[in-house]
file target09.pdb (PDB, C-alpha atoms)
ATOM      1  CA  MET D   1       3.947  71.597  72.265  1.00  0.00           C
ATOM      2  CA  SER D   2       3.204  71.266  75.902  1.00  0.00           C
ATOM      3  CA  ALA D   3       3.026  74.120  78.357  1.00  0.00           C
ATOM      4  CA  HIS D   4       6.107  72.772  80.105  1.00  0.00           C
ATOM      5  CA  GLN D   5       8.216  72.995  76.949  1.00  0.00           C
ATOM      6  CA  LYS D   6       6.899  76.497  76.189  1.00  0.00           C
ATOM      7  CA  ALA D   7       7.799  77.608  79.708  1.00  0.00           C
ATOM      8  CA  ILE D   8      11.312  76.194  79.343  1.00  0.00           C
ATOM      9  CA  ARG D   9      11.731  77.985  76.014  1.00  0.00           C
ATOM     10  CA  ALA D  10      10.477  81.255  77.480  1.00  0.00           C
ATOM     11  CA  VAL D  11      12.932  81.014  80.380  1.00  0.00           C
ATOM     12  CA  ALA D  12      15.873  79.792  78.283  1.00  0.00           C
ATOM     13  CA  PHE D  13      15.513  82.381  75.511  1.00  0.00           C
ATOM     14  CA  PRO D  14      16.964  85.353  77.445  1.00  0.00           C
ATOM     15  CA  PHE D  15      19.920  83.249  78.566  1.00  0.00           C
ATOM     16  CA  ARG D  16      20.561  82.111  75.016  1.00  0.00           C
ATOM     17  CA  ALA D  17      20.321  85.691  73.771  1.00  0.00           C
ATOM     18  CA  VAL D  18      22.786  86.911  76.393  1.00  0.00           C
ATOM     19  CA  TRP D  19      25.124  84.023  75.616  1.00  0.00           C
ATOM     20  CA  PHE D  20      24.946  84.863  71.900  1.00  0.00           C
ATOM     21  CA  LEU D  21      25.783  88.517  72.648  1.00  0.00           C
ATOM     22  CA  ILE D  22      28.750  87.414  74.769  1.00  0.00           C
ATOM     23  CA  LEU D  23      29.970  85.237  71.906  1.00  0.00           C
ATOM     24  CA  ILE D  24      29.677  88.161  69.487  1.00  0.00           C
ATOM     25  CA  ALA D  25      31.574  90.462  71.863  1.00  0.00           C
ATOM     26  CA  ASN D  26      34.312  87.860  72.343  1.00  0.00           C
ATOM     27  CA  PHE D  27      34.559  87.382  68.590  1.00  0.00           C
ATOM     28  CA  LEU D  28      34.969  91.118  68.048  1.00  0.00           C
ATOM     29  CA  VAL D  29      37.597  91.458  70.774  1.00  0.00           C
ATOM     30  CA  VAL D  30      39.578  88.433  69.612  1.00  0.00           C
ATOM     31  CA  SER D  31      39.339  89.543  65.980  1.00  0.00           C
ATOM     32  CA  ALA D  32      40.624  93.004  66.859  1.00  0.00           C
ATOM     33  CA  ALA D  33      43.501  91.542  68.880  1.00  0.00           C
ATOM     34  CA  CYS D  34      44.419  89.170  66.059  1.00  0.00           C
ATOM     35  CA  LEU D  35      44.231  91.962  63.520  1.00  0.00           C
ATOM     36  CA  LEU D  36      46.489  94.138  65.668  1.00  0.00           C
ATOM     37  CA  PHE D  37      48.942  91.260  66.090  1.00  0.00           C
ATOM     38  CA  VAL D  38      48.997  90.492  62.367  1.00  0.00           C
ATOM     39  CA  ALA D  39      49.432  94.175  61.522  1.00  0.00           C
ATOM     40  CA  PHE D  40      52.367  94.429  63.900  1.00  0.00           C
ATOM     41  CA  ILE D  41      53.956  91.279  62.468  1.00  0.00           C
ATOM     42  CA  ALA D  42      53.527  92.654  58.948  1.00  0.00           C
ATOM     43  CA  TYR D  43      55.042  95.970  60.018  1.00  0.00           C
ATOM     44  CA  GLY D  44      57.973  94.202  61.652  1.00  0.00           C
ATOM     45  CA  LEU D  45      58.573  92.120  58.549  1.00  0.00           C
ATOM     46  CA  ALA D  46      58.382  95.253  56.410  1.00  0.00           C
ATOM     47  CA  LEU D  47      61.032  96.860  58.593  1.00  0.00           C
ATOM     48  CA  THR D  48      63.184  93.757  58.458  1.00  0.00           C
ATOM     49  CA  VAL D  49      62.972  93.322  54.703  1.00  0.00           C
ATOM     50  CA  SER D  50      63.081  97.037  53.883  1.00  0.00           C
ATOM     51  CA  TYR D  51      66.854  96.999  53.616  1.00  0.00           C
ATOM     52  CA  LEU D  52      66.736  94.449  50.821  1.00  0.00           C
ATOM     53  CA  PHE D  53      63.958  95.658  48.566  1.00  0.00           C
ATOM     54  CA  LEU D  54      63.119  99.309  49.238  1.00  0.00           C
ATOM     55  CA  PRO D  55      65.049 102.360  48.078  1.00  0.00           C
ATOM     56  CA  THR D  56      67.211 104.033  50.716  1.00  0.00           C
ATOM     57  CA  GLU D  57      64.895 107.045  51.148  1.00  0.00           C
ATOM     58  CA  TRP D  58      61.855 104.865  51.757  1.00  0.00           C
ATOM     59  CA  THR D  59      63.746 102.714  54.225  1.00  0.00           C
ATOM     60  CA  GLN D  60      64.955 105.774  56.132  1.00  0.00           C
ATOM     61  CA  ALA D  61      61.432 107.226  56.251  1.00  0.00           C
ATOM     62  CA  LEU D  62      59.985 103.919  57.443  1.00  0.00           C
ATOM     63  CA  TRP D  63      62.596 103.543  60.164  1.00  0.00           C
ATOM     64  CA  GLN D  64      62.255 107.190  61.223  1.00  0.00           C
ATOM     65  CA  GLY D  65      58.512 106.737  61.718  1.00  0.00           C
ATOM     66  CA  THR D  66      59.212 103.614  63.713  1.00  0.00           C
ATOM     67  CA  ALA D  67      61.826 105.386  65.828  1.00  0.00           C
ATOM     68  CA  ASP D  68      59.356 108.182  66.616  1.00  0.00           C
ATOM     69  CA  LEU D  69      56.653 105.695  67.602  1.00  0.00           C
ATOM     70  CA  TYR D  70      59.222 103.716  69.605  1.00  0.00           C
ATOM     71  CA  ALA D  71      60.182 106.848  71.555  1.00  0.00           C
ATOM     72  CA  GLN D  72      56.546 107.748  72.309  1.00  0.00           C
ATOM     73  CA  SER D  73      54.960 104.417  73.239  1.00  0.00           C
ATOM     74  CA  ASN D  74      56.110 101.929  75.850  1.00  0.00           C
ATOM     75  CA  TRP D  75      53.722  99.333  74.414  1.00  0.00           C
ATOM     76  CA  PHE D  76      55.264  99.695  70.971  1.00  0.00           C
ATOM     77  CA  LYS D  77      58.727  99.508  72.522  1.00  0.00           C
ATOM     78  CA  ALA D  78      57.904  96.242  74.301  1.00  0.00           C
ATOM     79  CA  ALA D  79      56.223  94.796  71.223  1.00  0.00           C
ATOM     80  CA  THR D  80      59.179  95.745  69.005  1.00  0.00           C
ATOM     81  CA  ILE D  81      61.695  94.160  71.344  1.00  0.00           C
ATOM     82  CA  THR D  82      59.549  91.030  71.567  1.00  0.00           C
ATOM     83  CA  PHE D  83      59.179  90.850  67.785  1.00  0.00           C
ATOM     84  CA  PHE D  84      62.894  91.097  67.080  1.00  0.00           C
ATOM     85  CA  VAL D  85      63.778  88.640  69.861  1.00  0.00           C
ATOM     86  CA  LEU D  86      61.315  86.148  68.393  1.00  0.00           C
ATOM     87  CA  LEU D  87      62.675  86.863  64.911  1.00  0.00           C
ATOM     88  CA  LEU D  88      66.254  86.197  65.985  1.00  0.00           C
ATOM     89  CA  LEU D  89      65.537  83.323  68.367  1.00  0.00           C
ATOM     90  CA  PRO D  90      65.892  80.572  65.739  1.00  0.00           C
ATOM     91  CA  ILE D  91      69.234  82.041  64.689  1.00  0.00           C
ATOM     92  CA  LEU D  92      70.431  82.290  68.282  1.00  0.00           C
ATOM     93  CA  LYS D  93      69.319  78.723  68.924  1.00  0.00           C
ATOM     94  CA  LEU D  94      71.635  77.421  66.206  1.00  0.00           C
ATOM     95  CA  TRP D  95      74.509  79.773  66.927  1.00  0.00           C
ATOM     96  CA  PRO D  96      77.368  79.106  67.931  1.00  0.00           C
ATOM     97  CA  GLY D  97      76.502  75.851  66.208  1.00  0.00           C
ATOM     98  CA  ARG D  98      76.759  72.969  68.653  1.00  0.00           C
ATOM     99  CA  ASP D  99      76.660  69.553  67.046  1.00  0.00           C
ATOM    100  CA  PRO D 100      74.323  67.181  68.901  1.00  0.00           C
ATOM    101  CA  GLU D 101      76.005  64.119  67.377  1.00  0.00           C
ATOM    102  CA  ALA D 102      79.450  65.240  68.531  1.00  0.00           C
ATOM    103  CA  ASP D 103      78.046  66.006  71.992  1.00  0.00           C
ATOM    104  CA  ALA D 104      76.515  62.530  72.166  1.00  0.00           C
ATOM    105  CA  ALA D 105      79.804  60.943  71.028  1.00  0.00           C
ATOM    106  CA  ARG D 106      81.709  62.874  73.714  1.00  0.00           C
ATOM    107  CA  GLU D 107      79.194  61.753  76.319  1.00  0.00           C
ATOM    108  CA  ARG D 108      79.529  58.114  75.233  1.00  0.00           C
ATOM    109  CA  GLU D 109      83.326  58.368  75.369  1.00  0.00           C
ATOM    110  CA  ALA D 110      83.222  59.889  78.852  1.00  0.00           C
ATOM    111  CA  THR D 111      80.867  57.128  80.012  1.00  0.00           C
ATOM    112  CA  ARG D 112      83.139  54.452  78.527  1.00  0.00           C
ATOM    113  CA  LEU D 113      86.222  55.942  80.216  1.00  0.00           C
ATOM    114  CA  ASN D 114      84.358  56.150  83.501  1.00  0.00           C
ATOM    115  CA  ASP D 115      83.279  52.500  83.213  1.00  0.00           C
ATOM    116  CA  ASP D 116      86.876  51.499  82.409  1.00  0.00           C
ATOM    117  CA  LEU D 117      88.161  53.344  85.475  1.00  0.00           C
ATOM    118  CA  ILE D 118      85.553  51.710  87.699  1.00  0.00           C
ATOM    119  CA  ALA D 119      86.432  48.257  86.321  1.00  0.00           C
ATOM    120  CA  ALA D 120      90.179  48.865  86.855  1.00  0.00           C
ATOM    121  CA  ARG D 121      89.570  50.020  90.426  1.00  0.00           C
ATOM    122  CA  GLN D 122      87.459  46.922  91.149  1.00  0.00           C
ATOM    123  CA  GLN D 123      90.167  44.668  89.708  1.00  0.00           C
ATOM    124  CA  ASP D 124      92.787  46.371  91.892  1.00  0.00           C
ATOM    125  CA  GLN D 125      90.591  45.844  94.960  1.00  0.00           C
ATOM    126  CA  LEU D 126      90.083  42.161  94.101  1.00  0.00           C
ATOM    127  CA  ARG D 127      93.847  41.683  93.643  1.00  0.00           C
ATOM    128  CA  ALA D 128      94.504  43.403  96.948  1.00  0.00           C
ATOM    129  CA  GLU D 129      91.982  41.136  98.692  1.00  0.00           C
ATOM    130  CA  LEU D 130      93.512  38.022  97.133  1.00  0.00           C
ATOM    131  CA  ARG D 131      97.057  39.054  98.237  1.00  0.00           C
ATOM    132  CA  GLY D 132      96.216  40.102 101.683  1.00  0.00           C
TER
END
call {"tool": "encode", "arguments": {"input": "target09.pdb", "output": "structure tokens"}}
result
Amino acid sequence: MSAHQKAIRAVAFPFRAVWFLILIANFLVVSAACLLFVAFIAYGLALTVSYLFLPTEWTQALWQGTADLYAQSNWFKAATITFFVLLLLPILKLWPGRDPEADAAREREATRLNDDLIAARQQDQLRAELRG
């Protein structure tokens, strides 16, 4: 190995070490954020499904703990609102149940009527020009 390559390795090693430490720190931060997000999603799903599968006392205790945390933390309040909006968004998208095919048929009918009116108006203008 030449002296030039050894010098490059000696200079590059600290940069590589720092870059590796940055990658480790980013991994830890992203992992913690993902874990927090997944835990919140699991908690939200537990609250949502608690009415179906848990006894009444357990459901009340779970919701009371959530209500206390909701009253104390603005972050939890925002996250809870976001979770339930995202949970209900697919339902709200389909409700009140517009039919895309019926909308397209109405649009085609309106276009056809409009074309018929334009054609009738043009015929009337041509007749008027021929008479006068």
call {"tool": "closest_residue", "arguments": {"input": "target09.pdb", "among": "D:Arg108, D:Arg16, D:Arg98, D:Tyr43", "to": "Trp63 in chain D", "atoms": "only C-alpha atoms"}}
result
D:Tyr43
call {"tool": "resolve_selection", "arguments": {"input": "target09.pdb", "expression": "the PyMOL selection byres ((chain D and resi 45-51) around 12)", "output": "list in words"}}
result
Val38, Ala39, Phe40, Ile41, Ala42, Tyr43, Gly44, Leu52, Phe53, Leu54, Pro55, Thr56, Glu57, Trp58, Thr59, Gln60, Ala61, Leu62, Trp63, Gln64, Gly65, Thr66, Ala67, Thr80, Phe83, Phe84, Leu86, Leu87 and Leu88 of chain D
call {"tool": "atom_distance", "arguments": {"input": "target09.pdb", "atom1": "CA of Phe27 in chain D", "atom2": "CA of Phe13 in chain D"}}
result
20.9 Å
call {"tool": "atom_distance", "arguments": {"input": "target09.pdb", "atom1": "CA of Cys34 in chain D", "atom2": "CA of Phe20 in chain D"}}
result
20.8 Å
call {"tool": "atom_distance", "arguments": {"input": "target09.pdb", "atom1": "CA of Pro14 in chain D", "atom2": "CA of Asn26 in chain D"}}
result
18.3 Å
call {"tool": "decode", "arguments": {"input": "target09.pdb", "residues": "range 37-54 of chain D", "atoms": "N, CA and C atoms", "output": "PDB file, in the first residue's frame"}}
result
ATOM      1  N   PHE D  37     -45.081   6.017  17.565  1.00  0.00           N
ATOM      2  CA  PHE D  37     -46.214   6.060  16.640  1.00  0.00           C
ATOM      3  C   PHE D  37     -46.987   4.747  16.658  1.00  0.00           C
ATOM      4  N   VAL D  38     -46.277   3.639  16.610  1.00  0.00           N
ATOM      5  CA  VAL D  38     -46.934   2.327  16.621  1.00  0.00           C
ATOM      6  C   VAL D  38     -47.653   2.096  17.954  1.00  0.00           C
ATOM      7  N   ALA D  39     -47.033   2.512  19.048  1.00  0.00           N
ATOM      8  CA  ALA D  39     -47.691   2.363  20.349  1.00  0.00           C
ATOM      9  C   ALA D  39     -48.965   3.189  20.404  1.00  0.00           C
ATOM     10  N   PHE D  40     -48.932   4.394  19.869  1.00  0.00           N
ATOM     11  CA  PHE D  40     -50.133   5.219  19.879  1.00  0.00           C
ATOM     12  C   PHE D  40     -51.219   4.622  18.999  1.00  0.00           C
ATOM     13  N   ILE D  41     -50.836   4.099  17.839  1.00  0.00           N
ATOM     14  CA  ILE D  41     -51.816   3.458  16.952  1.00  0.00           C
ATOM     15  C   ILE D  41     -52.432   2.244  17.650  1.00  0.00           C
ATOM     16  N   ALA D  42     -51.607   1.449  18.310  1.00  0.00           N
ATOM     17  CA  ALA D  42     -52.123   0.285  19.027  1.00  0.00           C
ATOM     18  C   ALA D  42     -53.063   0.714  20.153  1.00  0.00           C
ATOM     19  N   TYR D  43     -52.705   1.779  20.853  1.00  0.00           N
ATOM     20  CA  TYR D  43     -53.560   2.275  21.926  1.00  0.00           C
ATOM     21  C   TYR D  43     -54.883   2.795  21.362  1.00  0.00           C
ATOM     22  N   GLY D  44     -54.815   3.497  20.261  1.00  0.00           N
ATOM     23  CA  GLY D  44     -56.046   3.989  19.630  1.00  0.00           C
ATOM     24  C   GLY D  44     -56.934   2.855  19.160  1.00  0.00           C
ATOM     25  N   LEU D  45     -56.335   1.829  18.577  1.00  0.00           N
ATOM     26  CA  LEU D  45     -57.123   0.673  18.159  1.00  0.00           C
ATOM     27  C   LEU D  45     -57.709  -0.065  19.352  1.00  0.00           C
ATOM     28  N   ALA D  46     -56.950  -0.129  20.439  1.00  0.00           N
ATOM     29  CA  ALA D  46     -57.485  -0.761  21.659  1.00  0.00           C
ATOM     30  C   ALA D  46     -58.686   0.020  22.189  1.00  0.00           C
ATOM     31  N   LEU D  47     -58.606   1.330  22.141  1.00  0.00           N
ATOM     32  CA  LEU D  47     -59.747   2.140  22.574  1.00  0.00           C
ATOM     33  C   LEU D  47     -60.940   1.942  21.647  1.00  0.00           C
ATOM     34  N   THR D  48     -60.663   1.869  20.367  1.00  0.00           N
ATOM     35  CA  THR D  48     -61.740   1.736  19.388  1.00  0.00           C
ATOM     36  C   THR D  48     -62.439   0.385  19.507  1.00  0.00           C
ATOM     37  N   VAL D  49     -61.666  -0.657  19.693  1.00  0.00           N
ATOM     38  CA  VAL D  49     -62.220  -2.005  19.724  1.00  0.00           C
ATOM     39  C   VAL D  49     -62.675  -2.407  21.127  1.00  0.00           C
ATOM     40  N   SER D  50     -62.346  -1.611  22.125  1.00  0.00           N
ATOM     41  CA  SER D  50     -62.653  -1.995  23.505  1.00  0.00           C
ATOM     42  C   SER D  50     -64.144  -2.188  23.743  1.00  0.00           C
ATOM     43  N   TYR D  51     -64.958  -1.445  23.025  1.00  0.00           N
ATOM     44  CA  TYR D  51     -66.403  -1.600  23.203  1.00  0.00           C
ATOM     45  C   TYR D  51     -66.903  -2.957  22.742  1.00  0.00           C
ATOM     46  N   LEU D  52     -66.220  -3.570  21.805  1.00  0.00           N
ATOM     47  CA  LEU D  52     -66.696  -4.844  21.275  1.00  0.00           C
ATOM     48  C   LEU D  52     -66.250  -6.050  22.089  1.00  0.00           C
ATOM     49  N   PHE D  53     -65.011  -6.023  22.586  1.00  0.00           N
ATOM     50  CA  PHE D  53     -64.452  -7.246  23.135  1.00  0.00           C
ATOM     51  C   PHE D  53     -64.166  -7.221  24.634  1.00  0.00           C
ATOM     52  N   LEU D  54     -64.037  -6.052  25.235  1.00  0.00           N
ATOM     53  CA  LEU D  54     -63.671  -5.980  26.639  1.00  0.00           C
ATOM     54  C   LEU D  54     -64.903  -5.841  27.524  1.00  0.00           C
TER      55      LEU D  54
END
